[in-house]
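Colleague: There's a structure below that I have some questions on.
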Amino acid sequence: MSVLEPIAEKDLPLKRDLDLLARVLADTIREQTGPAIAERIDAIRDLAFRYVQGDDAEAGRALSRSLSSLDPESTVALVRAFSYFSHLSNIAEDLHHNRRRRAHRMQGSTPQRGSIAAAIDSLVQRNVKPHDILGLLGETLIAPVLTAHPTEVKRKTILDCHRAVAELLSQRDRYAMTPEEEVANQEALERVLLTLWQTREIRTFKLKVQDEIENGSTYFRNTFLHELPRLYLDLEERLSKLTDQPVSLPNFIHVGSWIGGDRDGNPFVTAEVLRYAISRQSGLALDYYYQQLGKLENELSMSTRLVQVDQRLQKLADEAQVNAERRSEEPYRIAVGYIRARVFATATQIGTFHHALHDVAHAPAYNSAHELAYDLETVFDSLLAHGGAKLVNGRLRRLRRAVSVFGFHLAPVDMRQHAGTHERVIAELFEKAGLEDYLALDEASRRVVLLRELASPRPLICPYIDYSADVQKEIDILRAAEEMQARYGEAVLPNYIISNCESVSDMLEVAVLLNEVGLVQLAPTVRAKINIIPLFETIGDLRGCGQIMTDLFSLPQWRQMLSCRDLVQEVMLGYSDSNKDGGYLTSNWELYKAELNLVEVFKQAGFKMRLFHGRGGTVGRGGGPAYDAVLAQPAGSVNGQIRITEQGEVIAAKYADREVGRRNLEILIAATLEASFPEPPPEDFDPTDRRRLMEGLSLRAYQAYRDLVYATPDFITYFREATLINEIPNLNIGSRPAARKNTNSIADLRAIPWVFSWSQCRLSLPGWYGFGTAIAEYLKDKGDEGLATLREHYRTWPFFQVTISNMEMVLAKSDIAIAARYSELVNDQDIAKRIFERIKGEWQRCVDAVLAITEHEELLGDNPMLARSLDNRLPYLDPLNHLQVELLKRLRGGEESEELRHAVHLTINGIAAGLRNSG
């Protein structure tokens with residue numbers, strides 16, 4: 001869209017908020033920088049609006065001259081101003097989405113797509129029986145999993161200010177303000193924006209894993225602890241109305257975490273870090289219970305002169321041994337105060353509180369969360385017995401659910417390590433024990449010796465042997481895992497993920513290591529206290545995963561272990577590395593085929609499958625709308641079981657705001673419900689032609705992508721010089737190194753910086769390259785008939801539709817003219833022109849293909865909301881890209897200064913905010 005359409009009445013509140021934020025931000029900038037710099041910023045903004053919205057060539061040239069001539073002080077001020085507008089636009093847009101959803105519900109309209117209400121209505125209309133829905137939820141597990149994979153460049157301090165802005169804007173919506181209240185609200189907003197302006201946006205230090213743990217904890221404190229219990233209770237109420245009887249649901253949705261447990265490529269995750277992560281999470285849960293119990297104690301002022309409490313409640317109050325005369329006839333307050341004291345004692349005993357609290361009496365600690373739940377049930381039942389149903393339906397009911405969901409551990413932490421590390425550990429353990437030369441064994445021999453060790457009562461690890469530092473580190477982490485499970489229960493560390501899993505022996509190696517610390521055991525009894533999960537990442541891995549699982553299930557020992565895990569085997573699929581390996585279309589198709597294959601393998605083996613989707617924020621790493629992504633999965637691949645990673649800046653976008661967080665959790669539940677009851681295809685439906693078509697397109701796209709990325713001379717030079725890949729490691733956005741190995745190879749580079757770099761230069765190449773060539777060659781053979789076939793698949797096949805729609809979004813956010821500016825950074829312009837022309841040609845073929853298939857006149861033709869959002873921010877986003885190029889030229893030209901590096905990092909921050917899902 002080049003020119004904005006008239007604003008609809010429903011979007012006027014968004015315009016009001018954007019105008020207010022822009023005005024307050026402009027006033028703040030003028031006040032803080034002086035009129036000269038402020039006027040320069042205003043002039044550049046006006047030129048940018050003229051150029052972006054009207055395609056004014058003269059305005060474009062004037063804009064380029066203005067940006068090139070900025071002095072350092074004005075440069076930093078401009079970057080900060082335009083970056084903040086993008087951040088503030090994100091806040092206003094999220095608030096507007098909340099506003100529109102509330103308005104929709106207030107009007108009593110048909111439930112919105114993606115809501116639980118809409119999903120249940122859809123299932124009922126398709127004659128899915130209520131008891132079938134309840135039966136599914138009884139065996140369901142849905143888990144968004146927060147990872148520490150970095151593309152989030154905002155500091156926690158900045159995120160706190162963003163929440164304050166959102167709260168102040170929300171206040172203006174909730175009730176009609178008096179003139180005095182409106183002035184006070186704006187003054188508060190001015191204070192927050194002034195704080196933002198005077199706060200450094202970029203960290204001055206490299207993040208530690210402990211910092212990432214603290215950042216991740218914020219989302220539990222602000223969103224999950226509050227919203228998950230409410231979501232469960234609302235869903236139970238809705239299902240109770242559907243079934244005309246009370247419904248009590250098990251805890252089927254868990255928010256997990258990799259932070260502190262994922263050591264693949266991160267040398268800073270140690271046993272002590274793992275202990276810290278779990279202790280910190282536990283402290284957060286217990287602190288929440290402590291605070292809620294304090295509020296509940298104040299609320300339950302019932303007197304024995306007016307109500308008759310039951311014996312269990314009175315006994316609980318008597319155990320408190322409180323002699324306070326003023327509360328002698330208020331047993332609920334005494335009982336709840338006693339529960340609160342026991343929570344404090346529990347936290348003190350297991351060392352999870354990081355502050356001292358002195359307003360509770362001495363009490364014995366709880367041994368488990370079940371004991372706390374039982375005491376809360378005692379209060380609950382007693383209140384019900386004397387007509388207090390309305391009293392239990394508030395804070396007490398939510399607290400009971402929170403204890404049930406979060407226990408004393410808050411969130412399950414996944415452990416992850418690379419298969420190559422396990423191999424090296426096993427090899428050294430064998431060598432020190434005088435056993436076989438493990439590295440010299442073939443796959444069949446490895447299976448034999450690993451199964452032997454699993455069944456052996458003899459320990460493989462000897463406390464009297466000195467192991468290498470790397471091996472000892474792995475041993476220490478495994479021992480810490482066993483210790484944490486013993487302290488908090490199995491739910492605290494339920495999963496162990498194997499990166500780059502390529503064989504059955506990769507799985508057995510982990511089983512042997514876990515056996516050494518008692519988490520897995522075959523003799524004398526079978527025990528499996530943790531899920532061992534393969535992660536299939538590359539194109540080759542995806543193609544071979546079915547055979548690996550078939551071979552694994554053929555082992556009686558593995559089948560025995562799964563019998564201890566409810567016959568559920570989880571498999572993780574990697575979107576990022578498969579994309580880096582084979583390109584966008586091939587990655588998506590191979591993932592789809594792998595799921596089809598796994599469905600059949602699990603069906604034949606008689607086990608339940610749970611897929612864990614390793615998705616990132618951007619489309620090049622599996623990103624895109626979660627609802628559509630889940631519904632696009634092959635039939636039989638969900639069945640109430642799904643885990644999905646949440647990474648980078650997407651975590652803040654989805655879960656920083658409570659209402660937005662609630663909506664995103666609801667989307668996962670709704671999509672899982674619908675995908676678990678797929679509509680049967682027509683009786684005469686044959687997927688053979690579809691699959692044959694996709695196989696051909698994928699092959700062409702794969703060849704085009706591999707020819708560019710892995711076979712083109714000097715491509716790595718172009719990538720390193722035309723993007724910010726060399727500047728990103730200095731951005732302090734995560735504790736993990738940017739590459740697994742210190743090489744110049746694309747294969748060794750992590751997928752996150754690979755995708756993030758292409759996003760910053762506005763090419764987003766991993767999200768589309770190869771598709772244009774594939775479609776062009778297909779249509780050259782098939783002509784109009786082929787185009788009609790593609791359009792039919794787009795209309796009727798969710799997988800193909802989602803693949804195209806996500807790519808359309810990426811293309812809309814890309815800008816080939818801006819990308820051309822980045823090619824100017826390449827020292828050898830012959831290389832730059834040769835490679836950029838190939839990329840430009842493929843980009844145009846891809847745009848043409850998407851428009852032809854979707855029959856849209858322009859990109860995002862069916863998504864006016866996103867199109868308008870881009871139009872609003874492009875005048876602020878595009879100048880940041882042009883300025884980033886100028887700054888990089890100076891930096892790489894030898895102009896070394898902290899101020900210049902800071903300005904570059906600020907542009908990265910601003911561009912990421914403007915694009916939203918860039919990593």
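We name chains A, B, ... following the order of the structure tokens; residues begin at 1 in each chain, and ligands are numbered from 1 as shown.
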Determine, counting only C-alpha atoms, which protein, DNA and RNA residues have an atom within 12 Å of an atom of Leu384 of chain A; residues of the same chain fewer than 2 positions away are not included. Present the result as a list in words.
Modeller: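 Selected residues are Val307, Gln308, Val309, Asp310, Leu313, Glu377, Thr378, Val379, Phe380, Asp381, Ser382, His386, Gly387, Gly388, Ala389, Lys390, Leu391, Val392, Asn393, Leu396 and Arg397 of chain A.
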Colleague: Which residues, written as number ranges by chain, have at least one atom at most 6 Å from segment 692-704 of chain A, with only C-alpha atoms counted and residues fewer than 2 positions away on the same chain left out?
Modeller: A: 582, 585-586, 689-690, 706-707, 770-771, 774
Colleague: Output C-alpha atoms of each residue in that selection to a file, as a PDB file, in the first residue's frame.
Modeller:
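Listing of out-v1.pdb after writing:
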```pdb
ATOM      1  CA  GLY A 582      17.445 -26.005   2.520  1.00  0.00           C
ATOM      2  CA  LEU A 585       9.865 -23.857   0.834  1.00  0.00           C
ATOM      3  CA  THR A 586      11.906 -27.032   1.199  1.00  0.00           C
ATOM      4  CA  ASP A 689      -1.196 -35.013  -6.856  1.00  0.00           C
ATOM      5  CA  ARG A 690      -0.720 -32.404  -4.124  1.00  0.00           C
ATOM      6  CA  ARG A 706      21.644 -24.163  -2.322  1.00  0.00           C
ATOM      7  CA  ASP A 707      23.144 -22.784  -5.544  1.00  0.00           C
ATOM      8  CA  GLY A 770      13.940 -20.175  -4.102  1.00  0.00           C
ATOM      9  CA  PHE A 771      10.147 -20.016  -4.199  1.00  0.00           C
ATOM     10  CA  ALA A 774      10.269 -22.928  -8.373  1.00  0.00           C
TER      11      ALA A 774
END
```
Colleague: Please identify which residues in segment 341-505 of chain A DSSP calls strand (DSSP E or B) from the backbone, and express them as a count of residues only.
Modeller: 11
Colleague: Would you mind writing down, as a ChimeraX atom specification, each residue of segment 418-617 of chain A that DSSP on the backbone assigns to helix (DSSP H, G or I)?
Modeller: /A:419-432,438-440,443-455,469-488,490-492,504-516,539-553,556-563,575-582,584-605
Colleague: Which residues are near Phe224 of chain A? Cut-off 8 Å, only C-alpha atoms, ignore same chain within fewer than 3 positions. Put them as a ChimeraX atom specification.
Modeller: /A:219-221,227-228,255,658,661
Colleague: Expressed in Å to a single decimal, how great is the separation between atom CA of Arg447 of chain A and atom CA of Met484 of chain A?
Modeller: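 Here the two named atoms are 29.5 Å from each other.
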Colleague: Might you pull out every residue within 12 Å of Ala369 of chain A, with only C-alpha atoms counted and same-chain residues fewer than 6 positions away left off, and present them as number ranges by chain?
Modeller: A: 282, 285-286, 289, 339, 342-343, 346-347, 375-376, 400-410, 487-489, 491
Colleague: Mind checking which residues fall within 8 Å of Leu14 of chain A, counting only C-alpha atoms, ignoring those fewer than 3 positions away in the same chain, and posting them as an NGL selection string?
Modeller: :A and (11 or 17-18 or 92-93 or 96)
Colleague: Give me, please, the distance in Å between atom CA of Ala675 of chain A and atom CA of Asp121 of chain A, quoted to one decimal.
Modeller: 14.0 Å
Colleague: Taking a cut-off of 12 Å and counting only C-alpha atoms, can you build a table that, for each residue of segment 794-863 of chain A near segment 894-915 of chain A, reports the nearest atom pair and how far apart they are in Å (one decimal), sorted by chain then residue number, as JSON lines?
Modeller:
```
{"residue": "A:Met809", "atom": "CA", "partner": "A:Leu915", "partner_atom": "CA", "distance": 10.6}
{"residue": "A:Val810", "atom": "CA", "partner": "A:Leu915", "partner_atom": "CA", "distance": 9.6}
{"residue": "A:Leu811", "atom": "CA", "partner": "A:Leu915", "partner_atom": "CA", "distance": 11.8}
{"residue": "A:Ala812", "atom": "CA", "partner": "A:Leu915", "partner_atom": "CA", "distance": 10.5}
{"residue": "A:Lys813", "atom": "CA", "partner": "A:Leu915", "partner_atom": "CA", "distance": 7.1}
{"residue": "A:Ser814", "atom": "CA", "partner": "A:Leu915", "partner_atom": "CA", "distance": 9.5}
{"residue": "A:Asp815", "atom": "CA", "partner": "A:Leu915", "partner_atom": "CA", "distance": 11.9}
```
